[in-house]
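S.K.: Supplied structure: structure_4.txt, compact mmCIF, C-alpha atoms.
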```
# COMPACT_ATOMS: atom_id res chain seq x y z
CA MET A 34 -6.40 -11.96 -16.00
CA LYS A 35 -6.75 -9.19 -13.43
CA ILE A 36 -3.81 -6.82 -12.83
CA LEU A 37 -3.67 -4.22 -10.07
CA ILE A 38 -1.37 -1.22 -10.61
CA THR A 39 -0.69 0.87 -7.51
CA GLY A 40 0.57 4.42 -7.99
CA ASN A 41 -0.72 4.40 -11.56
CA MET A 42 -1.36 8.17 -11.57
CA GLY A 43 2.29 9.14 -11.36
CA TYR A 44 5.02 9.64 -13.95
CA VAL A 45 5.59 5.99 -14.87
CA GLY A 46 1.99 4.77 -14.52
CA PRO A 47 0.52 6.05 -17.81
CA CYS A 48 3.27 4.28 -19.82
CA VAL A 49 2.70 1.08 -17.85
CA ILE A 50 -1.04 1.21 -18.50
CA ASN A 51 -0.41 1.70 -22.24
CA GLN A 52 1.98 -1.25 -22.32
CA LEU A 53 -0.27 -3.59 -20.36
CA ARG A 54 -3.37 -2.63 -22.30
CA SER A 55 -1.48 -3.54 -25.48
CA SER A 56 -0.03 -6.82 -24.16
CA TYR A 57 -3.05 -8.07 -22.22
CA LEU A 58 -5.97 -7.12 -24.46
CA HIS A 59 -8.59 -8.89 -22.40
CA ALA A 60 -7.12 -8.32 -18.94
CA ARG A 61 -8.98 -6.35 -16.31
CA LEU A 62 -6.68 -3.48 -15.31
CA VAL A 63 -7.31 -1.86 -11.93
CA GLY A 64 -5.62 1.32 -10.72
CA PHE A 65 -5.06 2.40 -7.11
CA ASP A 66 -3.62 5.81 -6.31
CA LEU A 67 -3.68 8.49 -3.63
CA GLY A 68 -4.14 11.17 -6.28
CA TYR A 69 -1.44 13.67 -5.30
CA PHE A 70 -0.52 14.27 -8.93
CA GLY A 71 -3.80 13.51 -10.63
CA ASN A 72 -4.07 16.99 -12.15
CA CYS A 73 -0.49 16.98 -13.51
CA ILE A 74 -1.58 16.10 -17.04
CA THR A 75 0.97 17.21 -19.60
CA SER A 76 -0.57 16.77 -23.03
CA ALA A 77 -2.80 13.70 -23.00
CA ASP A 78 -5.90 13.83 -25.18
CA VAL A 79 -7.77 11.83 -22.55
CA LEU A 80 -7.09 10.95 -18.94
CA PRO A 81 -4.66 8.02 -18.81
CA GLU A 82 -7.02 6.37 -16.31
CA CYS A 83 -9.61 5.97 -19.07
CA LYS A 84 -7.55 2.97 -20.16
CA VAL A 85 -8.06 1.08 -16.90
CA ASP A 86 -11.25 -0.81 -16.17
CA LEU A 87 -11.54 0.47 -12.62
CA GLN A 88 -9.78 3.28 -10.72
CA TYR A 89 -9.63 3.36 -6.93
CA PHE A 90 -8.49 6.38 -4.95
CA GLY A 91 -6.88 5.44 -1.66
CA ASP A 92 -3.82 5.35 0.57
CA VAL A 93 -1.56 2.32 0.23
CA ARG A 94 -0.93 2.63 3.97
CA LYS A 95 -4.62 1.76 4.48
CA PHE A 96 -5.12 -0.68 1.66
CA PRO A 97 -8.60 -2.27 1.47
CA GLN A 98 -8.28 -6.07 1.43
CA ASP A 99 -11.34 -6.59 -0.76
CA ILE A 100 -9.65 -4.89 -3.74
CA LEU A 101 -7.30 -7.90 -3.94
CA ARG A 102 -10.14 -10.32 -4.62
CA GLY A 103 -9.47 -12.11 -7.90
CA VAL A 104 -6.21 -10.24 -8.62
CA ASP A 105 -3.60 -12.32 -10.45
CA ALA A 106 -0.72 -9.82 -10.50
CA ILE A 107 0.25 -6.57 -8.76
CA VAL A 108 2.49 -3.90 -10.22
CA HIS A 109 3.56 -1.90 -7.19
CA LEU A 110 4.61 1.59 -8.28
CA ALA A 111 3.16 3.55 -5.33
CA ALA A 112 6.00 5.31 -3.53
CA ILE A 113 7.53 8.59 -2.45
CA SER A 114 9.33 8.98 -5.70
CA ASN A 115 12.61 10.84 -5.29
CA ASP A 116 15.39 12.00 -2.97
CA PRO A 117 14.22 15.60 -2.30
CA ILE A 118 10.80 14.38 -1.12
CA GLY A 119 12.34 11.50 0.79
CA ASN A 120 14.77 13.83 2.56
CA LYS A 121 11.97 16.18 3.64
CA PHE A 122 9.56 13.40 4.61
CA GLU A 123 11.90 10.65 5.77
CA GLU A 124 9.53 8.80 8.12
CA VAL A 125 6.65 9.10 5.65
CA THR A 126 8.92 7.63 2.99
CA LEU A 127 9.60 4.60 5.17
CA ASP A 128 5.89 4.23 5.92
CA ILE A 129 4.79 4.36 2.29
CA ASN A 130 7.74 2.85 0.44
CA TYR A 131 8.70 0.17 2.94
CA ARG A 132 6.17 -0.71 5.63
CA ALA A 133 3.07 -0.34 3.43
CA SER A 134 4.75 -2.28 0.62
CA ILE A 135 5.49 -5.26 2.86
CA GLU A 136 1.98 -5.22 4.29
CA LEU A 137 0.52 -5.13 0.78
CA ALA A 138 2.69 -8.07 -0.28
CA LYS A 139 1.57 -10.10 2.76
CA ARG A 140 -2.07 -9.40 1.99
CA ALA A 141 -1.50 -10.23 -1.66
CA LYS A 142 -0.08 -13.62 -0.74
CA GLU A 143 -3.06 -14.29 1.52
CA ALA A 144 -5.38 -13.35 -1.34
CA GLU A 145 -3.59 -15.82 -3.63
CA VAL A 146 -2.10 -13.21 -5.93
CA LYS A 147 0.43 -15.06 -8.07
CA SER A 148 2.86 -12.32 -9.16
CA PHE A 149 4.10 -9.25 -7.27
CA VAL A 150 6.22 -6.80 -9.27
CA PHE A 151 8.05 -4.22 -7.17
CA ALA A 152 9.48 -1.04 -8.66
CA SER A 153 12.88 -0.88 -6.97
CA SER A 154 15.89 1.26 -7.86
CA CYS A 155 19.59 1.14 -8.73
CA SER A 156 19.99 4.08 -6.35
CA MET A 157 20.53 1.50 -3.62
CA TYR A 158 24.14 1.18 -4.87
CA GLY A 159 24.75 4.74 -3.68
CA ALA A 160 28.45 5.56 -3.91
CA ALA A 161 30.20 3.07 -6.17
CA GLU A 162 32.85 4.61 -8.39
CA ASP A 163 35.12 1.61 -8.87
CA SER A 164 33.13 -0.84 -11.04
CA ALA A 165 29.71 -1.46 -12.55
CA ARG A 166 27.43 -2.89 -9.87
CA THR A 167 25.84 -6.31 -10.27
CA GLU A 168 22.99 -7.72 -8.23
CA LYS A 169 25.56 -9.35 -5.93
CA SER A 170 27.44 -6.11 -5.23
CA PRO A 171 27.30 -4.49 -1.78
CA LEU A 172 24.44 -2.04 -1.26
CA ASN A 173 25.25 1.47 -0.06
CA PRO A 174 22.01 3.49 0.10
CA LEU A 175 22.65 7.16 0.86
CA THR A 176 19.11 8.57 0.98
CA ALA A 177 15.78 7.76 2.61
CA TYR A 178 14.40 6.78 -0.79
CA ALA A 179 17.24 4.35 -1.51
CA LYS A 180 17.12 2.91 2.01
CA SER A 181 13.40 2.25 1.67
CA LYS A 182 14.05 0.16 -1.45
CA VAL A 183 16.76 -1.88 0.28
CA LEU A 184 14.53 -2.60 3.27
CA THR A 185 11.58 -3.56 1.09
CA GLU A 186 13.60 -5.99 -1.00
CA ARG A 187 15.01 -7.53 2.17
CA ASP A 188 11.58 -8.21 3.64
CA LEU A 189 9.91 -9.25 0.38
CA GLU A 190 12.23 -12.18 -0.19
CA PRO A 191 11.05 -14.30 2.78
CA LEU A 192 7.43 -13.96 1.61
CA VAL A 193 7.81 -15.87 -1.63
CA GLY A 194 6.45 -19.37 -2.08
CA ASP A 195 5.45 -21.89 -4.72
CA HIS A 196 2.38 -19.83 -5.56
CA PHE A 197 3.70 -16.32 -4.86
CA LYS A 198 6.41 -14.90 -7.09
CA VAL A 199 8.18 -11.57 -6.42
CA THR A 200 10.15 -9.66 -9.04
CA SER A 201 12.06 -6.63 -7.81
CA LEU A 202 13.06 -4.45 -10.75
CA ARG A 203 16.03 -2.27 -9.84
CA PHE A 204 15.38 0.48 -12.33
CA SER A 205 17.93 2.93 -13.66
CA THR A 206 17.10 6.64 -13.36
CA ALA A 207 13.91 7.26 -15.32
CA CYS A 208 13.66 9.68 -18.21
CA GLY A 209 11.48 10.44 -21.21
CA TRP A 210 8.06 11.80 -22.05
CA SER A 211 4.95 10.88 -20.06
CA ASP A 212 1.36 12.03 -19.90
CA ARG A 213 2.27 13.12 -16.35
CA LEU A 214 5.71 14.57 -16.94
CA ARG A 215 8.24 15.15 -14.16
CA LEU A 216 11.19 17.48 -14.58
CA ASP A 217 12.89 16.53 -11.29
CA LEU A 218 14.88 13.88 -13.18
CA VAL A 219 18.32 14.56 -14.58
CA LEU A 220 17.78 14.20 -18.34
CA ASN A 221 14.27 15.71 -18.24
CA ASP A 222 15.68 18.68 -16.31
CA PHE A 223 18.42 19.27 -18.87
CA VAL A 224 16.06 19.15 -21.85
CA ALA A 225 13.62 21.50 -20.10
CA GLY A 226 16.39 24.02 -19.49
CA ALA A 227 17.54 23.74 -23.10
CA VAL A 228 14.04 24.27 -24.48
CA ALA A 229 12.94 27.03 -22.09
CA SER A 230 16.06 29.18 -21.85
CA LYS A 231 18.79 27.65 -24.04
CA ARG A 232 20.70 26.99 -20.83
CA ILE A 233 21.48 23.81 -18.90
CA THR A 234 22.50 24.34 -15.29
CA ILE A 235 24.22 21.37 -13.65
CA LEU A 236 23.85 21.68 -9.89
CA SER A 237 26.74 19.30 -9.19
CA ASP A 238 30.26 19.25 -10.63
CA GLY A 239 28.98 16.97 -13.37
CA THR A 240 31.17 13.97 -12.58
CA PRO A 241 28.69 11.51 -10.96
CA TRP A 242 27.68 8.43 -12.94
CA ARG A 243 24.04 7.59 -13.57
CA PRO A 244 22.40 4.76 -15.52
CA LEU A 245 19.26 5.90 -17.36
CA ILE A 246 16.16 4.20 -18.77
CA ASN A 247 13.22 5.56 -20.73
CA VAL A 248 9.81 5.15 -19.08
CA LYS A 249 8.58 3.15 -22.07
CA ASP A 250 11.35 0.64 -21.47
CA MET A 251 10.47 0.53 -17.77
CA ALA A 252 6.94 -0.45 -18.81
CA ARG A 253 8.34 -3.11 -21.12
CA ALA A 254 10.32 -4.63 -18.23
CA ILE A 255 7.25 -4.63 -15.99
CA ASP A 256 5.32 -6.43 -18.74
CA TRP A 257 7.99 -9.16 -18.72
CA ALA A 258 8.10 -9.41 -14.92
CA ILE A 259 4.37 -9.99 -14.55
CA SER A 260 4.37 -13.23 -16.50
CA ARG A 261 7.96 -14.48 -16.29
CA ASP A 262 8.29 -18.18 -15.54
CA VAL A 263 9.64 -19.06 -12.09
CA ALA A 264 12.31 -21.13 -13.81
CA ASN A 265 13.54 -17.86 -15.30
CA GLY A 266 14.97 -16.21 -12.18
CA GLY A 267 13.33 -18.06 -9.29
CA ASN A 268 10.47 -17.25 -6.94
CA PHE A 269 12.32 -14.14 -5.77
CA LEU A 270 14.29 -12.14 -8.29
CA ALA A 271 16.04 -8.79 -7.83
CA VAL A 272 17.45 -7.61 -11.15
CA ASN A 273 19.06 -4.45 -12.48
CA VAL A 274 16.97 -3.02 -15.32
CA GLY A 275 18.62 -0.87 -17.95
CA SER A 276 21.35 -1.06 -20.56
CA ASP A 277 25.15 -1.13 -20.22
CA GLY A 278 25.37 1.55 -22.92
CA TRP A 279 23.25 3.88 -20.82
CA ASN A 280 25.76 4.53 -18.03
CA TYR A 281 26.59 8.23 -18.31
CA ARG A 282 28.35 10.96 -16.38
CA VAL A 283 25.95 13.80 -15.65
CA LYS A 284 28.05 16.30 -17.62
CA ASP A 285 28.01 13.99 -20.66
CA LEU A 286 24.20 13.92 -20.55
CA ALA A 287 24.18 17.72 -20.59
CA GLU A 288 26.54 17.80 -23.57
CA ALA A 289 24.39 15.28 -25.44
CA VAL A 290 21.35 17.51 -24.98
CA ALA A 291 23.32 20.59 -26.06
CA ASN A 292 24.50 18.79 -29.18
CA GLU A 293 20.92 17.89 -30.07
CA ILE A 294 19.44 21.34 -29.37
CA PRO A 295 21.57 24.05 -31.03
CA GLY A 296 22.60 27.20 -29.19
CA VAL A 297 22.42 25.75 -25.69
CA GLU A 298 24.93 26.80 -23.04
CA VAL A 299 25.99 24.30 -20.37
CA SER A 300 26.88 25.65 -16.93
CA ILE A 301 28.63 23.43 -14.37
CA ASN A 302 28.80 24.36 -10.70
CA LYS A 303 32.49 23.73 -10.13
CA ASP A 304 32.16 24.85 -6.49
CA ALA A 305 29.45 22.31 -5.69
CA GLN A 306 29.95 19.83 -2.90
CA PRO A 307 30.73 16.35 -4.30
CA ASP A 308 27.61 14.32 -5.08
CA LYS A 309 28.33 10.94 -3.53
CA ARG A 310 25.44 9.35 -5.40
CA SER A 311 27.56 8.01 -8.25
CA TYR A 312 27.33 4.50 -9.63
CA LYS A 313 27.62 2.51 -12.85
CA VAL A 314 25.48 -0.60 -13.18
CA ASN A 315 25.89 -3.95 -14.91
CA PHE A 316 22.77 -5.25 -16.71
CA GLU A 317 24.06 -8.65 -17.85
CA LEU A 318 21.50 -10.61 -15.81
CA PHE A 319 18.57 -8.67 -17.28
CA ARG A 320 19.90 -9.31 -20.81
CA LYS A 321 20.06 -13.03 -20.04
CA LEU A 322 16.64 -13.32 -18.43
CA ALA A 323 14.62 -10.94 -20.62
CA PRO A 324 16.16 -10.92 -24.12
CA GLN A 325 12.85 -9.97 -25.75
CA HIS A 326 12.21 -7.04 -23.36
CA GLN A 327 15.47 -5.12 -23.59
CA PRO A 328 15.51 -1.29 -23.66
CA GLN A 329 14.72 0.06 -27.12
CA VAL A 330 14.61 3.85 -26.65
CA ASP A 331 18.10 5.34 -26.83
CA LEU A 332 19.41 8.60 -25.38
CA ILE A 333 18.99 10.77 -28.46
CA THR A 334 15.46 9.49 -29.06
CA SER A 335 14.60 10.31 -25.46
CA VAL A 336 16.00 13.82 -25.82
CA ARG A 337 14.04 14.37 -29.03
CA GLU A 338 10.74 13.13 -27.62
CA LEU A 339 11.16 15.39 -24.58
CA LYS A 340 12.04 18.36 -26.79
CA ASP A 341 9.10 17.74 -29.14
CA GLY A 342 6.70 17.23 -26.25
CA LEU A 343 7.76 20.40 -24.45
CA GLU A 344 7.56 22.45 -27.63
CA LYS A 345 4.10 21.05 -28.34
CA ILE A 346 2.84 22.45 -25.01
CA ALA A 347 4.68 25.75 -25.66
CA PHE A 348 6.93 25.22 -22.64
CA LYS A 349 8.83 28.45 -21.87
CA ASN A 350 9.29 28.40 -18.09
CA GLY A 351 12.96 29.09 -17.41
CA ASN A 352 12.18 28.86 -13.69
CA PHE A 353 10.70 25.37 -14.00
CA ARG A 354 12.51 24.11 -10.89
CA GLU A 355 10.02 26.18 -8.90
CA SER A 356 7.05 24.91 -10.93
CA ASN A 357 4.50 22.12 -10.64
CA PHE A 358 6.67 19.93 -12.83
CA MET A 359 8.62 19.22 -9.63
CA ARG A 360 6.78 16.76 -7.42
CA LEU A 361 8.01 18.21 -4.11
CA ASN A 362 6.56 21.61 -5.05
CA ILE A 363 3.12 20.09 -5.51
CA LEU A 364 3.20 18.40 -2.11
CA LYS A 365 4.29 21.67 -0.46
CA GLN A 366 1.43 23.52 -2.13
CA LEU A 367 -1.11 20.92 -1.00
CA GLN A 368 0.19 21.24 2.56
CA ASN A 369 0.14 25.04 2.44
CA ARG A 370 -3.48 24.92 1.32
CA GLY A 371 -4.35 22.70 4.29
CA LEU A 372 -5.11 19.67 2.13
CA LEU A 373 -2.32 17.37 3.35
CA ASN A 374 -1.10 16.84 6.92
CA GLU A 375 2.48 16.22 8.06
CA LYS A 376 2.13 12.53 7.18
CA LEU A 377 1.02 13.43 3.65
CA GLU A 378 -2.49 12.16 4.38
CA TRP A 379 -5.47 13.95 2.86
CA ILE A 380 -7.25 16.19 5.37
CA LYS A 381 -10.96 15.54 5.04
CA LYS A 382 -12.91 18.68 5.88
```
Using structure tokens, write down the structure that the file contains.

M.R.:
Amino acid sequence: MKILITGNMGYVGPCVINQLRSSYLHARLVGFDLGYFGNCITSADVLPECKVDLQYFGDVRKFPQDILRGVDAIVHLAAISNDPIGNKFEEVTLDINYRASIELAKRAKEAEVKSFVFASSCSMYGAAEDSARTEKSPLNPLTAYAKSKVLTERDLEPLVGDHFKVTSLRFSTACGWSDRLRLDLVLNDFVAGAVASKRITILSDGTPWRPLINVKDMARAIDWAISRDVANGGNFLAVNVGSDGWNYRVKDLAEAVANEIPGVEVSINKDAQPDKRSYKVNFELFRKLAPQHQPQVDLITSVRELKDGLEKIAFKNGNFRESNFMRLNILKQLQNRGLLNEKLEWIKK
């Protein structure tokens, strides 16, 4: 079996590679990444890419067709990964997350790839305070990132066929330790603040709802999606991925971290403008379809692994929101150094 993982050099990729290497011992794993965050190694003993059989460096917007030769499954992680980047680079986000994704899926079908796994997002539910959203609920994307996921799902569905299966995993907000750690995620941010300065600063009023999922459990869901039977969800499946018990208000996440790490002060910005991105999510369909691949890493375990990991690397940066642990900061630095253009393409000098 040959599996291509795009965007494998990001936050989620290393966990996915570990999971697939364990589940598919004799598979040929191939990585494809633009390399923005290649040097953002947190504490890995070896480069995560040492676990793939072949690593390509390239732009998904200019994907080489020959790489698809002999590929059985694609795990499509490559994307502009969060709202701050999407808001600053809105058109680039649509190019990478939407247009390039559809083009890749079309080429994959032509190349007789059997399974296409798309990393989607529950953020497409946007503002939804009244009830937990199911896959049949109205979509209300509020950001460029969320809109790109909605558009991609829409245009992936008509591509499926008897020999081309698409699984769109609508992930909860990611959290947890990774060999390429990001701190621009709500729980990771709170633990970083607690470890570095004994202070958690909530930028909103703390009331928005978020579903969370550990990156290891994201990898477990991707493992299931690659090989799921068509009878188990159909040729096209869009499914919420997470756990009903992991719907939290932001302020409750902060309190959970403070309870786990003694002496931490929680500060809420009571004057903040309301954050409309608030939604609870229903995961009943995922429980039904993937009973053996349900989330296993709970909130407290995620907090502890983040705390232990940060302490292991002697993390003390109280100003981490201005650091290279925030993906937007890295892209700005690369642009300021003349390495990336306005389309976030590498400038070849």

S.K.: Using only C-alpha atoms, I'd like a table of the residues in stretch 190-244 of chain A that come within 12 Å of stretch 132-136 of chain A; for each, show the closest atom pair and its distance in Å rounded to one decimal, ordered by chain and ascending number, as a tab-separated table.

M.R.:
```
residue	atom	partner	partner_atom	distance
A:Glu190	CA	A:Ile135	CA	10.1
A:Pro191	CA	A:Ile135	CA	10.6
A:Leu192	CA	A:Ile135	CA	9.0
A:Val193	CA	A:Ile135	CA	11.8
A:Val199	CA	A:Ile135	CA	11.5
A:Ser201	CA	A:Ser134	CA	12.0
```

S.K.: Between A:Thr39, A:Asn292, A:Asn173, A:Asn273, single out the one closest to A:Leu318, counting all atoms listed in the file.

M.R.: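 Using all atoms listed in the file, the shortest distance to A:Leu318 belongs to A:Asn273.
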
S.K.: What are the nearest atom pairs, with distances in Å to one decimal, for all residues of stretch 207-258 of chain A that come at most 7 Å from stretch 295-301 of chain A, using all atoms listed in the file, set out by chain and rising residue number as JSON lines?

M.R.:
```
{"residue": "A:Ala227", "atom": "CA", "partner": "A:Val297", "partner_atom": "CA", "distance": 5.9}
{"residue": "A:Lys231", "atom": "CA", "partner": "A:Val297", "partner_atom": "CA", "distance": 4.4}
{"residue": "A:Arg232", "atom": "CA", "partner": "A:Glu298", "partner_atom": "CA", "distance": 4.8}
{"residue": "A:Ile233", "atom": "CA", "partner": "A:Val299", "partner_atom": "CA", "distance": 4.8}
{"residue": "A:Thr234", "atom": "CA", "partner": "A:Ser300", "partner_atom": "CA", "distance": 4.9}
{"residue": "A:Ile235", "atom": "CA", "partner": "A:Ile301", "partner_atom": "CA", "distance": 4.9}
{"residue": "A:Leu236", "atom": "CA", "partner": "A:Ile301", "partner_atom": "CA", "distance": 6.8}
{"residue": "A:Ser237", "atom": "CA", "partner": "A:Ile301", "partner_atom": "CA", "distance": 6.9}
{"residue": "A:Asp238", "atom": "CA", "partner": "A:Ile301", "partner_atom": "CA", "distance": 5.8}
{"residue": "A:Gly239", "atom": "CA", "partner": "A:Ile301", "partner_atom": "CA", "distance": 6.5}
```

S.K.: With 9 Å as the cut-off and only C-alpha atoms counted, what is the closest atom pair between each nearby residue of stretch 88-194 of chain A and stretch 54-66 of chain A? Distances in Å to one decimal, ordered by chain and number, as CSV.

M.R.:
```
residue,atom,partner,partner_atom,distance
A:Gln88,CA,A:Gly64,CA,4.6
A:Tyr89,CA,A:Phe65,CA,4.7
A:Phe90,CA,A:Asp66,CA,5.1
A:Gly91,CA,A:Asp66,CA,5.7
A:Asp92,CA,A:Asp66,CA,6.9
A:Val93,CA,A:Asp66,CA,7.7
A:Ala111,CA,A:Asp66,CA,7.2
```

S.K.: With C-alpha atoms kept, could you save the residues just selected as a PDB file, in the frame of the given file?

M.R.:
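As written to disk, selection_32.pdb reads:
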```pdb
ATOM      1  CA  GLN A  88      -9.780   3.280 -10.720  1.00  0.00           C
ATOM      2  CA  TYR A  89      -9.630   3.360  -6.930  1.00  0.00           C
ATOM      3  CA  PHE A  90      -8.490   6.380  -4.950  1.00  0.00           C
ATOM      4  CA  GLY A  91      -6.880   5.440  -1.660  1.00  0.00           C
ATOM      5  CA  ASP A  92      -3.820   5.350   0.570  1.00  0.00           C
ATOM      6  CA  VAL A  93      -1.560   2.320   0.230  1.00  0.00           C
ATOM      7  CA  ALA A 111       3.160   3.550  -5.330  1.00  0.00           C
TER       8      ALA A 111
END
```

S.K.: So that I can see what lies close to A:Val283, please list as an MDAnalysis selection string the residues with an atom at most 7 Å from it, counting only C-alpha atoms and leaving out residues fewer than 4 positions away in the same chain.

M.R.: chainID A and resid 239:243 287

S.K.: Using Å and a single decimal, report how far atom CA of A:Gly119 sits from atom CA of A:Leu184.

M.R.: 14.5 Å

S.K.: Is there a way to complete stretch 101-117 of chain A with N, CA and C atoms and then write that out as a PDB file, in the coordinates of the input?

M.R.:
```pdb
ATOM      1  N   LEU A 101      -8.184  -6.831  -3.477  1.00  0.00           N
ATOM      2  CA  LEU A 101      -7.300  -7.900  -3.940  1.00  0.00           C
ATOM      3  C   LEU A 101      -8.054  -9.132  -4.413  1.00  0.00           C
ATOM      4  N   ARG A 102      -9.350  -9.145  -4.241  1.00  0.00           N
ATOM      5  CA  ARG A 102     -10.140 -10.320  -4.620  1.00  0.00           C
ATOM      6  C   ARG A 102     -10.038 -10.564  -6.131  1.00  0.00           C
ATOM      7  N   GLY A 103      -9.540 -11.729  -6.497  1.00  0.00           N
ATOM      8  CA  GLY A 103      -9.470 -12.110  -7.900  1.00  0.00           C
ATOM      9  C   GLY A 103      -8.272 -11.548  -8.652  1.00  0.00           C
ATOM     10  N   VAL A 104      -7.385 -10.828  -7.965  1.00  0.00           N
ATOM     11  CA  VAL A 104      -6.210 -10.240  -8.620  1.00  0.00           C
ATOM     12  C   VAL A 104      -5.162 -11.322  -8.872  1.00  0.00           C
ATOM     13  N   ASP A 105      -4.636 -11.363 -10.086  1.00  0.00           N
ATOM     14  CA  ASP A 105      -3.600 -12.320 -10.450  1.00  0.00           C
ATOM     15  C   ASP A 105      -2.190 -11.748 -10.285  1.00  0.00           C
ATOM     16  N   ALA A 106      -2.055 -10.439 -10.553  1.00  0.00           N
ATOM     17  CA  ALA A 106      -0.720  -9.820 -10.500  1.00  0.00           C
ATOM     18  C   ALA A 106      -0.844  -8.389  -9.989  1.00  0.00           C
ATOM     19  N   ILE A 107       0.174  -7.950  -9.246  1.00  0.00           N
ATOM     20  CA  ILE A 107       0.250  -6.570  -8.760  1.00  0.00           C
ATOM     21  C   ILE A 107       1.517  -5.931  -9.296  1.00  0.00           C
ATOM     22  N   VAL A 108       1.356  -4.745  -9.865  1.00  0.00           N
ATOM     23  CA  VAL A 108       2.490  -3.900 -10.220  1.00  0.00           C
ATOM     24  C   VAL A 108       2.531  -2.784  -9.193  1.00  0.00           C
ATOM     25  N   HIS A 109       3.533  -2.819  -8.321  1.00  0.00           N
ATOM     26  CA  HIS A 109       3.560  -1.900  -7.190  1.00  0.00           C
ATOM     27  C   HIS A 109       4.493  -0.728  -7.481  1.00  0.00           C
ATOM     28  N   LEU A 110       3.881   0.359  -7.983  1.00  0.00           N
ATOM     29  CA  LEU A 110       4.610   1.590  -8.280  1.00  0.00           C
ATOM     30  C   LEU A 110       4.490   2.615  -7.153  1.00  0.00           C
ATOM     31  N   ALA A 111       3.457   2.520  -6.334  1.00  0.00           N
ATOM     32  CA  ALA A 111       3.160   3.550  -5.330  1.00  0.00           C
ATOM     33  C   ALA A 111       4.346   3.761  -4.408  1.00  0.00           C
ATOM     34  N   ALA A 112       4.817   5.006  -4.348  1.00  0.00           N
ATOM     35  CA  ALA A 112       6.000   5.310  -3.530  1.00  0.00           C
ATOM     36  C   ALA A 112       6.228   6.813  -3.490  1.00  0.00           C
ATOM     37  N   ILE A 113       6.906   7.269  -2.424  1.00  0.00           N
ATOM     38  CA  ILE A 113       7.530   8.590  -2.450  1.00  0.00           C
ATOM     39  C   ILE A 113       8.660   8.482  -3.452  1.00  0.00           C
ATOM     40  N   SER A 114       8.652   9.332  -4.461  1.00  0.00           N
ATOM     41  CA  SER A 114       9.330   8.980  -5.700  1.00  0.00           C
ATOM     42  C   SER A 114      10.742   9.522  -5.889  1.00  0.00           C
ATOM     43  N   ASN A 115      11.247  10.364  -5.033  1.00  0.00           N
ATOM     44  CA  ASN A 115      12.610  10.840  -5.290  1.00  0.00           C
ATOM     45  C   ASN A 115      13.301  11.290  -4.004  1.00  0.00           C
ATOM     46  N   ASP A 116      14.577  11.652  -4.136  1.00  0.00           N
ATOM     47  CA  ASP A 116      15.390  12.000  -2.970  1.00  0.00           C
ATOM     48  C   ASP A 116      14.951  13.288  -2.273  1.00  0.00           C
ATOM     49  N   PRO A 117      14.634  14.379  -3.002  1.00  0.00           N
ATOM     50  CA  PRO A 117      14.220  15.600  -2.300  1.00  0.00           C
ATOM     51  C   PRO A 117      12.985  15.389  -1.428  1.00  0.00           C
TER      52      PRO A 117
END
```
